[in-house]
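> Here you go, one structure.
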Amino acid sequence: MLSAKDRDDILEHAGHYADPRAAGIESLKLVQDRYGWVSDDHLKEVAGILGMSPTELDSVATFYSLVYRKAVGKYVILLCDSVSCWIVGYRGIRKHLRERLGIDLGQTTADNMFTLLTVPCLGCCDRAPAFMVNEDLHTNLTPDRVDEILESYRKKGA
Ligand code: FES
């Protein structure tokens, strides 16, 4: 259940728009920042606050790939699968990540530490291949570099 502060903050976002429904993505991101992902119950509550149907808001959430509608791990790896990264080794990095994490794309490790997803171009094509881990951008990836990066997040802990 959303807190009173969550509701107030969503209403404040909505107040910045002529049509409160335009605040849909921002409101879902707020929920995600605070709870890690957007559950069905939270989505229904947000829809009610914004005067939308849950289905309408869910279609917005589904369109925007960075709103997570399933529980995710502490660290979400967003692997760029656009053209520059493909050319310089995306498939090898993807294979390495799958092996090291023991999961496929769209899955979360059993310890809830990592979720592996793909995203369109991260805007650093000159330093491809690249991925983001939560808010951190990592570029010029090699299998060794991936191992170092994963280890650094493991050390930070759950
Ligand atoms: S294609 Fe991967 S960063 Fe642009």
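Identifiers in this document derive from the order of the structure tokens: chains are assigned A, B, ..., residues are numbered from 1 separately in each chain, and ligands are numbered from 1 in order of occurrence.
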From a DSSP pass on the backbone, collect the residues of region 17-115 of chain A flagged as alpha helix (DSSP H) and hand them back as a ChimeraX atom specification.
/A:24-35,40-50,54-63,83-87,90-101
> Write the residues you've just listed into a file as an mmCIF file, in the first residue's frame, and include C-alpha atoms for each of them.

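Output file result.cif follows:
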```
data_model
loop_
_atom_site.group_PDB
_atom_site.id
_atom_site.type_symbol
_atom_site.label_atom_id
_atom_site.label_comp_id
_atom_site.auth_asym_id
_atom_site.auth_seq_id
_atom_site.Cartn_x
_atom_site.Cartn_y
_atom_site.Cartn_z
ATOM 1 C CA GLY A 24 1.774 8.517 -15.244
ATOM 2 C CA ILE A 25 5.392 7.614 -15.981
ATOM 3 C CA GLU A 26 6.812 9.975 -13.382
ATOM 4 C CA SER A 27 4.443 8.590 -10.773
ATOM 5 C CA LEU A 28 5.355 5.000 -11.587
ATOM 6 C CA LYS A 29 9.052 5.863 -11.443
ATOM 7 C CA LEU A 30 8.501 7.423 -8.029
ATOM 8 C CA VAL A 31 6.881 4.188 -6.831
ATOM 9 C CA GLN A 32 9.694 2.151 -8.374
ATOM 10 C CA ASP A 33 12.370 4.286 -6.692
ATOM 11 C CA ARG A 34 10.745 3.701 -3.325
ATOM 12 C CA TYR A 35 9.670 0.056 -3.647
ATOM 13 C CA ASP A 40 -0.307 -4.625 -9.522
ATOM 14 C CA ASP A 41 -1.630 -3.164 -6.272
ATOM 15 C CA HIS A 42 0.611 -0.117 -6.513
ATOM 16 C CA LEU A 43 -0.313 0.373 -10.152
ATOM 17 C CA LYS A 44 -4.024 0.319 -9.245
ATOM 18 C CA GLU A 45 -3.476 2.868 -6.482
ATOM 19 C CA VAL A 46 -1.519 5.200 -8.764
ATOM 20 C CA ALA A 47 -4.176 4.879 -11.463
ATOM 21 C CA GLY A 48 -6.850 5.836 -8.917
ATOM 22 C CA ILE A 49 -4.892 8.901 -7.819
ATOM 23 C CA LEU A 50 -4.422 10.028 -11.431
ATOM 24 C CA PRO A 54 -5.415 0.460 -14.248
ATOM 25 C CA THR A 55 -5.407 -0.904 -17.803
ATOM 26 C CA GLU A 56 -4.712 2.534 -19.237
ATOM 27 C CA LEU A 57 -1.836 3.146 -16.826
ATOM 28 C CA ASP A 58 -0.462 -0.348 -17.358
ATOM 29 C CA SER A 59 -0.276 0.269 -21.101
ATOM 30 C CA VAL A 60 1.872 3.337 -20.373
ATOM 31 C CA ALA A 61 4.053 1.278 -18.029
ATOM 32 C CA THR A 62 4.453 -1.508 -20.562
ATOM 33 C CA PHE A 63 5.414 0.935 -23.292
ATOM 34 C CA VAL A 83 23.752 -1.552 -33.516
ATOM 35 C CA SER A 84 27.130 -0.223 -32.328
ATOM 36 C CA CYS A 85 27.190 -2.631 -29.412
ATOM 37 C CA TRP A 86 26.172 -5.504 -31.685
ATOM 38 C CA ILE A 87 29.073 -4.728 -34.017
ATOM 39 C CA TYR A 90 27.261 -7.528 -27.684
ATOM 40 C CA ARG A 91 26.668 -11.243 -28.196
ATOM 41 C CA GLY A 92 29.880 -12.237 -26.424
ATOM 42 C CA ILE A 93 29.090 -9.967 -23.483
ATOM 43 C CA ARG A 94 25.537 -11.316 -23.315
ATOM 44 C CA LYS A 95 26.816 -14.905 -23.337
ATOM 45 C CA HIS A 96 29.343 -14.093 -20.623
ATOM 46 C CA LEU A 97 26.730 -12.419 -18.437
ATOM 47 C CA ARG A 98 24.320 -15.341 -18.848
ATOM 48 C CA GLU A 99 27.037 -17.787 -17.847
ATOM 49 C CA ARG A 100 28.371 -15.773 -14.932
ATOM 50 C CA LEU A 101 24.924 -14.985 -13.530
#
```
> For ligand 1, return the neighbouring residues as a list of chain:residue names (distance at most 6 Å; only C-alpha atoms and all ligand atoms).
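Here is the list of contacting residues: A:Cys80, A:Ser82, A:Val83, A:Ser84, A:Cys85, A:Cys121, A:Leu122, A:Gly123, A:Cys124, A:Cys125, A:Ala128, A:Pro129, A:Ala130.
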> With a distance cut-off of 8 Å and only C-alpha atoms, select the neighbouring residues of Ser39 (chain A), excluding the residue or stretch itself and same-chain residues fewer than 4 positions from it, and output the selection as an MDAnalysis selection string.
chainID A and resid 43 69:71
> So the first atom is CA of Met132 (chain A) and the second is CA of Pro120 (chain A); what is the distance between them in Å, to one decimal place?
11.4 Å
> When you draw a straight line from CA of Asn112 (chain A) to CA of Asn140 (chain A), how long is it in Å?
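Going from CA of Asn112 (chain A) over to CA of Asn140 (chain A) covers 26.2 Å.
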> So, with only C-alpha atoms as the atoms that count, which of A:Val146, A:Met52, A:Val119, A:Leu2 lies closest to Leu105 (chain A)?
A:Val119
> If we count only C-alpha atoms and set the cut-off at 6 Å, which residues sit around Thr108 (chain A), ignoring sequence neighbours fewer than 5 positions away in its own chain? Please answer as a ChimeraX atom specification.
/A:73,114-115
> The selected residues should be written to file as a short mmCIF file (atom, residue, chain, number, x, y, z; two decimals), in the first residue's frame (atoms: all heavy atoms).

```
data_model
loop_
_atom_site.label_atom_id
_atom_site.label_comp_id
_atom_site.auth_asym_id
_atom_site.auth_seq_id
_atom_site.Cartn_x
_atom_site.Cartn_y
_atom_site.Cartn_z
N GLY A 73 16.05 -7.59 -9.14
CA GLY A 73 17.12 -7.71 -8.18
C GLY A 73 17.59 -6.34 -7.69
O GLY A 73 17.16 -5.30 -8.19
N PHE A 114 21.00 -9.71 -8.99
CA PHE A 114 21.06 -9.12 -10.33
C PHE A 114 19.84 -9.52 -11.18
O PHE A 114 19.41 -10.67 -11.15
CB PHE A 114 22.30 -9.61 -11.08
CG PHE A 114 23.60 -9.19 -10.47
CD1 PHE A 114 24.35 -10.09 -9.71
CD2 PHE A 114 24.08 -7.89 -10.63
CE1 PHE A 114 25.56 -9.70 -9.14
CE2 PHE A 114 25.28 -7.50 -10.06
CZ PHE A 114 26.02 -8.41 -9.31
N THR A 115 19.36 -8.54 -11.96
CA THR A 115 18.38 -8.80 -13.02
C THR A 115 19.03 -8.40 -14.33
O THR A 115 19.71 -7.36 -14.39
CB THR A 115 17.10 -7.97 -12.79
OG1 THR A 115 16.49 -8.39 -11.57
CG2 THR A 115 16.10 -8.17 -13.93
#
```
> In Å, with one decimal, what is the gap from CA of Pro20 (chain A) to CA of Gly36 (chain A)?
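Between CA of Pro20 (chain A) and CA of Gly36 (chain A) the gap works out to 23.4 Å.
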